>>> print(open('my_file.tsv').read())   # TSV, C-alpha atoms
chain	number	residue	atom	x	y	z
A	1063	MET	CA	122.82	53.58	58.64
A	1064	ARG	CA	125.12	51.11	60.37
A	1065	ASP	CA	124.81	52.00	64.07
A	1066	PHE	CA	121.40	52.36	65.69
A	1067	ALA	CA	118.91	50.81	68.09
A	1068	ALA	CA	115.54	49.62	66.83
A	1069	ILE	CA	112.80	50.02	69.42
A	1070	ASP	CA	109.21	48.84	69.73
A	1071	PHE	CA	106.64	49.40	72.47
A	1072	GLU	CA	103.34	47.69	73.11
A	1073	THR	CA	100.75	49.58	75.17
A	1074	ALA	CA	98.07	48.45	77.58
A	1075	ASN	CA	95.50	51.05	76.60
A	1076	GLU	CA	94.94	54.19	74.55
A	1077	CYS	CA	97.36	56.25	76.68
A	1078	PRO	CA	100.80	56.46	75.07
A	1079	SER	CA	102.38	56.23	78.53
A	1080	SER	CA	100.85	52.80	79.16
A	1081	VAL	CA	103.82	50.88	77.78
A	1082	CYS	CA	103.56	47.24	78.86
A	1083	SER	CA	106.52	45.81	76.94
A	1084	VAL	CA	109.59	47.02	75.12
A	1085	GLY	CA	111.90	45.39	72.60
A	1086	ILE	CA	115.31	46.77	71.66
A	1087	VAL	CA	117.69	45.51	68.98
A	1088	VAL	CA	121.13	47.14	68.88
A	1089	VAL	CA	122.94	47.28	65.54
A	1090	ARG	CA	126.61	48.24	65.26
A	1091	ALA	CA	128.63	48.19	62.07
A	1092	GLY	CA	125.58	46.80	60.28
A	1093	GLU	CA	125.30	43.73	62.54
A	1094	ILE	CA	122.86	42.91	65.33
A	1095	VAL	CA	124.97	42.85	68.50
A	1096	ASP	CA	122.41	42.91	71.30
A	1097	ARG	CA	118.73	42.33	72.05
A	1098	PHE	CA	116.68	43.35	75.06
A	1099	TYR	CA	113.08	42.60	76.01
A	1100	SER	CA	111.10	43.39	79.13
A	1101	LEU	CA	107.54	43.45	80.31
A	1102	ILE	CA	106.62	46.72	82.03
A	1103	HIS	CA	103.98	47.48	84.65
A	1104	PRO	CA	101.85	50.01	82.70
A	1105	GLU	CA	100.77	53.47	83.81
A	1106	PRO	CA	97.84	54.00	83.79
A	1107	GLU	CA	97.29	50.49	85.03
A	1108	TYR	CA	94.48	48.99	82.97
A	1109	TYR	CA	94.18	47.04	79.73
A	1110	GLN	CA	91.80	47.74	76.88
A	1111	TRP	CA	90.26	44.78	75.13
A	1112	PHE	CA	91.60	45.90	71.74
A	1113	CYS	CA	95.19	46.15	72.98
A	1114	ARG	CA	94.99	42.70	74.56
A	1115	GLN	CA	93.72	41.32	71.23
A	1116	VAL	CA	96.67	42.85	69.40
A	1117	HIS	CA	99.57	41.73	71.62
A	1118	GLY	CA	98.06	39.16	73.96
A	1119	LEU	CA	99.35	40.78	77.15
A	1120	GLY	CA	97.24	41.52	80.21
A	1121	PRO	CA	97.55	42.30	83.90
A	1122	GLU	CA	98.41	38.67	84.63
A	1123	ASP	CA	101.60	39.26	82.61
A	1124	THR	CA	102.62	42.65	84.00
A	1125	ASP	CA	101.30	42.88	87.57
A	1126	GLU	CA	104.70	41.78	88.90
A	1127	ALA	CA	106.74	43.48	86.13
A	1128	PRO	CA	109.00	46.43	86.95
A	1129	VAL	CA	107.80	49.98	86.33
A	1130	PHE	CA	109.31	51.90	83.44
A	1131	PRO	CA	112.16	53.73	85.25
A	1132	TYR	CA	113.67	50.41	86.36
A	1133	VAL	CA	113.43	48.97	82.87
A	1134	TRP	CA	114.93	52.10	81.33
A	1135	GLU	CA	117.95	51.85	83.66
A	1136	LYS	CA	118.82	48.68	81.73
A	1137	VAL	CA	117.96	50.08	78.30
A	1138	GLU	CA	119.80	53.39	78.56
A	1139	PRO	CA	123.36	52.00	78.52
A	1140	LEU	CA	122.51	49.75	75.54
A	1141	ILE	CA	121.34	52.64	73.36
A	1142	GLU	CA	123.67	55.38	74.57
A	1143	GLY	CA	124.83	57.55	71.68
A	1144	LEU	CA	122.72	55.69	69.12
A	1145	PRO	CA	119.84	57.02	67.03
A	1146	LEU	CA	116.58	55.13	67.53
A	1147	VAL	CA	114.67	53.52	64.70
A	1148	ALA	CA	111.01	52.49	64.80
A	1149	HIS	CA	108.32	51.50	62.32
A	1150	ASN	CA	105.88	54.40	62.63
A	1151	SER	CA	108.27	56.27	64.92
A	1152	HIS	CA	105.55	58.80	65.75
A	1153	PHE	CA	103.90	56.12	67.92
A	1154	ASP	CA	107.02	54.82	69.67
A	1155	GLU	CA	108.58	58.25	70.20
A	1156	GLY	CA	105.24	59.46	71.58
A	1157	CYS	CA	105.14	56.55	74.01
A	1158	LEU	CA	108.69	57.24	75.13
A	1159	ARG	CA	108.09	60.95	75.65
A	1160	GLN	CA	104.84	60.34	77.55
A	1161	VAL	CA	106.20	57.67	79.87
A	1162	PHE	CA	109.21	59.90	80.64
A	1163	ARG	CA	106.73	62.66	81.50
A	1164	VAL	CA	104.57	60.39	83.70
A	1165	TYR	CA	107.60	59.37	85.76
A	1166	GLN	CA	109.02	62.93	85.75
A	1167	MET	CA	112.24	61.81	84.06
A	1168	ASP	CA	114.35	64.17	81.95
A	1169	TYR	CA	113.84	63.26	78.30
A	1170	PRO	CA	117.19	63.24	76.44
A	1171	ASP	CA	115.77	64.17	72.99
A	1172	TYR	CA	116.55	60.90	71.28
A	1173	GLU	CA	117.00	61.12	67.52
A	1174	PHE	CA	114.37	58.94	65.79
A	1175	TYR	CA	114.28	57.50	62.27
A	1176	ASP	CA	111.17	55.96	60.77
A	1177	THR	CA	111.17	52.78	58.67
A	1178	LEU	CA	107.52	53.39	57.73
A	1179	ARG	CA	108.44	56.65	55.97
A	1180	ALA	CA	111.53	54.97	54.48
A	1181	SER	CA	109.32	52.18	53.13
A	1182	ARG	CA	106.90	54.63	51.54
A	1183	ARG	CA	109.80	56.40	49.83
A	1184	TYR	CA	111.55	53.21	48.72
A	1185	PHE	CA	108.63	50.99	47.71
A	1186	GLY	CA	106.02	53.64	46.90
A	1187	LYS	CA	102.90	51.94	45.54
A	1188	GLY	CA	104.80	48.71	44.95
A	1189	LEU	CA	103.40	47.23	48.17
A	1190	PRO	CA	99.74	46.68	49.08
A	1191	ASN	CA	100.41	48.53	52.37
A	1192	HIS	CA	103.38	49.60	54.46
A	1193	GLN	CA	102.56	47.71	57.65
A	1194	LEU	CA	105.54	46.23	59.48
A	1195	GLN	CA	104.91	42.63	58.44
A	1196	THR	CA	104.43	43.61	54.79
A	1197	VAL	CA	107.60	45.70	54.63
A	1198	ALA	CA	109.58	43.07	56.53
A	1199	ALA	CA	108.51	40.43	54.00
A	1200	ALA	CA	109.44	42.72	51.10
A	1201	CYS	CA	112.89	43.06	52.67
A	1202	GLY	CA	113.24	39.29	53.02
A	1203	TYR	CA	112.47	39.02	56.75
A	1204	ASP	CA	109.81	36.62	58.04
A	1205	LEU	CA	108.00	38.28	60.95
A	1206	THR	CA	106.27	35.30	62.54
A	1207	ASN	CA	105.58	36.76	66.01
A	1208	HIS	CA	104.10	40.14	65.05
A	1209	HIS	CA	103.16	42.42	67.99
A	1210	HIS	CA	105.74	40.90	70.30
A	1211	ALA	CA	107.91	43.94	71.04
A	1212	LEU	CA	111.23	42.16	70.50
A	1213	ALA	CA	110.12	40.47	67.28
A	1214	ASP	CA	108.83	43.79	65.93
A	1215	ALA	CA	112.06	45.58	66.93
A	1216	GLU	CA	114.09	42.90	65.14
A	1217	ALA	CA	111.96	43.24	62.00
A	1218	CYS	CA	112.39	47.00	62.17
A	1219	ALA	CA	116.17	46.61	62.54
A	1220	TYR	CA	116.28	44.35	59.51
A	1221	ILE	CA	114.23	46.84	57.47
A	1222	ALA	CA	116.46	49.72	58.59
A	1223	MET	CA	119.59	47.85	57.57
A	1224	LYS	CA	118.07	47.40	54.09
A	1225	LEU	CA	116.41	50.81	53.57
A	1226	LEU	CA	118.19	53.43	55.67
>>> encode(input="my_file.tsv", output="structure tokens")
Amino acid sequence: MRDFAAIDFETANECPSSVCSVGIVVVRAGEIVDRFYSLIHPEPEYYQWFCRQVHGLGPEDTDEAPVFPYVWEKVEPLIEGLPLVAHNSHFDEGCLRQVFRVYQMDYPDYEFYDTLRASRRYFGKGLPNHQLQTVAAACGYDLTNHHHALADAEACAYIAMKLL
């Protein structure tokens, strides 16, 4: 796969629609050509302790952030015509579908590929687990800022370039 957009969401709570940040890395002809990151005002608008522990974001970070439709206006032209890639795509695709539903936006049926499944096929039991940071390291990428949406999207892009 040489042309795609890697995507990663972080959420504020257990609701998939509660995206509070997004990272996008655009790959064309096998090279990273663009990156995008934005905080997002989540819906519903509350943070769970566990989520804050994972990504470090809270209302103080997103109270003044734009809501999803305004962020997606910037993302959509970047990813137009590209398949999307995510590590555990079930999570990120679920977030995307749910936040589109919350804001009553027409979902364009993005094509998703999953680097988690690709890792399981490629590495099998050769890794202790198939978490993003483990797979990234096995592919030669040092993920130092795990759970920052842009850092995770970049790691996913790197994995996809190696495994897909």
>>> residues_around(input="my_file.tsv", residues="range 1207-1217 of chain A", least_positions_apart="2", cutoff="7 Å", atoms="all atoms listed in the file", output="list in words")
Ala1068, Ile1069, Asp1070, Phe1071, Glu1072, Ser1083, Val1084, Gly1085, Ile1086, Val1087, Tyr1099, Val1116, His1117, Ala1198, Tyr1203, Leu1205, Ala1219, Tyr1220 and Ile1221 of chain A
>>> atom_distance(input="my_file.tsv", atom1="CA of Ala1222 in chain A", atom2="CA of Val1147 in chain A")
7.4 Å
>>> closest_residue(input="my_file.tsv", among="A:Arg1064, A:Pro1170, A:Cys1218, A:Arg1159", to="Gln1193 in chain A", atoms="all atoms listed in the file")
A:Cys1218
>>> atom_distance(input="my_file.tsv", atom1="CA of Ser1080 in chain A", atom2="CA of Gln1115 in chain A")
15.7 Å
>>> closest_residue(input="my_file.tsv", among="A:Tyr1172, A:Tyr1184, A:Trp1134, A:Tyr1108", to="Glu1076 in chain A", atoms="all atoms listed in the file")
A:Tyr1108
>>> residues_around(input="my_file.tsv", residues="Arg1179 in chain A", least_positions_apart="6", cutoff="12 Å", atoms="all atoms listed in the file", output="ChimeraX atom specification")
/A:1147-1152,1185-1186,1191-1194,1197,1221-1222,1225-1226
>>> build_atoms(input="my_file.tsv", residues="range 1198-1218 of chain A", atoms="N, CA, C and O atoms", output="PDB file, keeping the file's coordinate frame")
ATOM      1  N   ALA A1198     108.584  44.066  56.134  1.00  0.00           N
ATOM      2  CA  ALA A1198     109.580  43.070  56.530  1.00  0.00           C
ATOM      3  C   ALA A1198     109.668  41.968  55.471  1.00  0.00           C
ATOM      4  O   ALA A1198     110.769  41.584  55.052  1.00  0.00           O
ATOM      5  N   ALA A1199     108.525  41.476  55.024  1.00  0.00           N
ATOM      6  CA  ALA A1199     108.510  40.430  54.000  1.00  0.00           C
ATOM      7  C   ALA A1199     109.145  40.928  52.696  1.00  0.00           C
ATOM      8  O   ALA A1199     109.920  40.203  52.059  1.00  0.00           O
ATOM      9  N   ALA A1200     108.860  42.158  52.314  1.00  0.00           N
ATOM     10  CA  ALA A1200     109.440  42.720  51.100  1.00  0.00           C
ATOM     11  C   ALA A1200     110.956  42.856  51.201  1.00  0.00           C
ATOM     12  O   ALA A1200     111.658  42.839  50.198  1.00  0.00           O
ATOM     13  N   CYS A1201     111.445  42.962  52.435  1.00  0.00           N
ATOM     14  CA  CYS A1201     112.890  43.060  52.670  1.00  0.00           C
ATOM     15  C   CYS A1201     113.515  41.692  52.949  1.00  0.00           C
ATOM     16  O   CYS A1201     114.699  41.602  53.274  1.00  0.00           O
ATOM     17  N   GLY A1202     112.709  40.630  52.851  1.00  0.00           N
ATOM     18  CA  GLY A1202     113.240  39.290  53.020  1.00  0.00           C
ATOM     19  C   GLY A1202     113.259  38.781  54.451  1.00  0.00           C
ATOM     20  O   GLY A1202     113.931  37.796  54.757  1.00  0.00           O
ATOM     21  N   TYR A1203     112.503  39.433  55.342  1.00  0.00           N
ATOM     22  CA  TYR A1203     112.470  39.020  56.750  1.00  0.00           C
ATOM     23  C   TYR A1203     111.091  38.436  57.069  1.00  0.00           C
ATOM     24  O   TYR A1203     110.073  39.060  56.786  1.00  0.00           O
ATOM     25  N   ASP A1204     111.063  37.273  57.676  1.00  0.00           N
ATOM     26  CA  ASP A1204     109.810  36.620  58.040  1.00  0.00           C
ATOM     27  C   ASP A1204     109.432  36.980  59.475  1.00  0.00           C
ATOM     28  O   ASP A1204     110.029  36.473  60.421  1.00  0.00           O
ATOM     29  N   LEU A1205     108.468  37.855  59.630  1.00  0.00           N
ATOM     30  CA  LEU A1205     108.000  38.280  60.950  1.00  0.00           C
ATOM     31  C   LEU A1205     106.891  37.345  61.402  1.00  0.00           C
ATOM     32  O   LEU A1205     105.721  37.537  61.071  1.00  0.00           O
ATOM     33  N   THR A1206     107.250  36.314  62.153  1.00  0.00           N
ATOM     34  CA  THR A1206     106.270  35.300  62.540  1.00  0.00           C
ATOM     35  C   THR A1206     105.585  35.605  63.871  1.00  0.00           C
ATOM     36  O   THR A1206     104.544  35.050  64.155  1.00  0.00           O
ATOM     37  N   ASN A1207     106.149  36.472  64.689  1.00  0.00           N
ATOM     38  CA  ASN A1207     105.580  36.760  66.010  1.00  0.00           C
ATOM     39  C   ASN A1207     105.212  38.235  66.117  1.00  0.00           C
ATOM     40  O   ASN A1207     105.592  38.907  67.074  1.00  0.00           O
ATOM     41  N   HIS A1208     104.469  38.728  65.116  1.00  0.00           N
ATOM     42  CA  HIS A1208     104.100  40.140  65.050  1.00  0.00           C
ATOM     43  C   HIS A1208     103.375  40.575  66.330  1.00  0.00           C
ATOM     44  O   HIS A1208     102.576  39.844  66.878  1.00  0.00           O
ATOM     45  N   HIS A1209     103.695  41.775  66.782  1.00  0.00           N
ATOM     46  CA  HIS A1209     103.160  42.420  67.990  1.00  0.00           C
ATOM     47  C   HIS A1209     103.787  41.880  69.263  1.00  0.00           C
ATOM     48  O   HIS A1209     103.299  42.169  70.359  1.00  0.00           O
ATOM     49  N   HIS A1210     104.862  41.126  69.155  1.00  0.00           N
ATOM     50  CA  HIS A1210     105.740  40.900  70.300  1.00  0.00           C
ATOM     51  C   HIS A1210     106.819  41.963  70.140  1.00  0.00           C
ATOM     52  O   HIS A1210     107.436  42.074  69.066  1.00  0.00           O
ATOM     53  N   ALA A1211     107.049  42.768  71.174  1.00  0.00           N
ATOM     54  CA  ALA A1211     107.910  43.940  71.040  1.00  0.00           C
ATOM     55  C   ALA A1211     109.305  43.597  70.523  1.00  0.00           C
ATOM     56  O   ALA A1211     109.859  44.327  69.691  1.00  0.00           O
ATOM     57  N   LEU A1212     109.884  42.502  70.974  1.00  0.00           N
ATOM     58  CA  LEU A1212     111.230  42.160  70.500  1.00  0.00           C
ATOM     59  C   LEU A1212     111.201  41.704  69.044  1.00  0.00           C
ATOM     60  O   LEU A1212     112.069  42.080  68.249  1.00  0.00           O
ATOM     61  N   ALA A1213     110.226  40.914  68.670  1.00  0.00           N
ATOM     62  CA  ALA A1213     110.120  40.470  67.280  1.00  0.00           C
ATOM     63  C   ALA A1213     109.914  41.665  66.346  1.00  0.00           C
ATOM     64  O   ALA A1213     110.532  41.749  65.277  1.00  0.00           O
ATOM     65  N   ASP A1214     109.075  42.605  66.751  1.00  0.00           N
ATOM     66  CA  ASP A1214     108.830  43.790  65.930  1.00  0.00           C
ATOM     67  C   ASP A1214     110.085  44.661  65.844  1.00  0.00           C
ATOM     68  O   ASP A1214     110.395  45.212  64.783  1.00  0.00           O
ATOM     69  N   ALA A1215     110.818  44.796  66.950  1.00  0.00           N
ATOM     70  CA  ALA A1215     112.060  45.580  66.930  1.00  0.00           C
ATOM     71  C   ALA A1215     113.083  44.923  66.006  1.00  0.00           C
ATOM     72  O   ALA A1215     113.802  45.607  65.270  1.00  0.00           O
ATOM     73  N   GLU A1216     113.150  43.599  66.022  1.00  0.00           N
ATOM     74  CA  GLU A1216     114.090  42.900  65.140  1.00  0.00           C
ATOM     75  C   GLU A1216     113.703  43.091  63.672  1.00  0.00           C
ATOM     76  O   GLU A1216     114.565  43.322  62.820  1.00  0.00           O
ATOM     77  N   ALA A1217     112.418  43.004  63.368  1.00  0.00           N
ATOM     78  CA  ALA A1217     111.960  43.240  62.000  1.00  0.00           C
ATOM     79  C   ALA A1217     112.306  44.669  61.570  1.00  0.00           C
ATOM     80  O   ALA A1217     112.787  44.885  60.449  1.00  0.00           O
ATOM     81  N   CYS A1218     112.089  45.607  62.460  1.00  0.00           N
ATOM     82  CA  CYS A1218     112.390  47.000  62.170  1.00  0.00           C
ATOM     83  C   CYS A1218     113.891  47.169  61.923  1.00  0.00           C
ATOM     84  O   CYS A1218     114.303  47.886  60.994  1.00  0.00           O
TER      85      CYS A1218
END
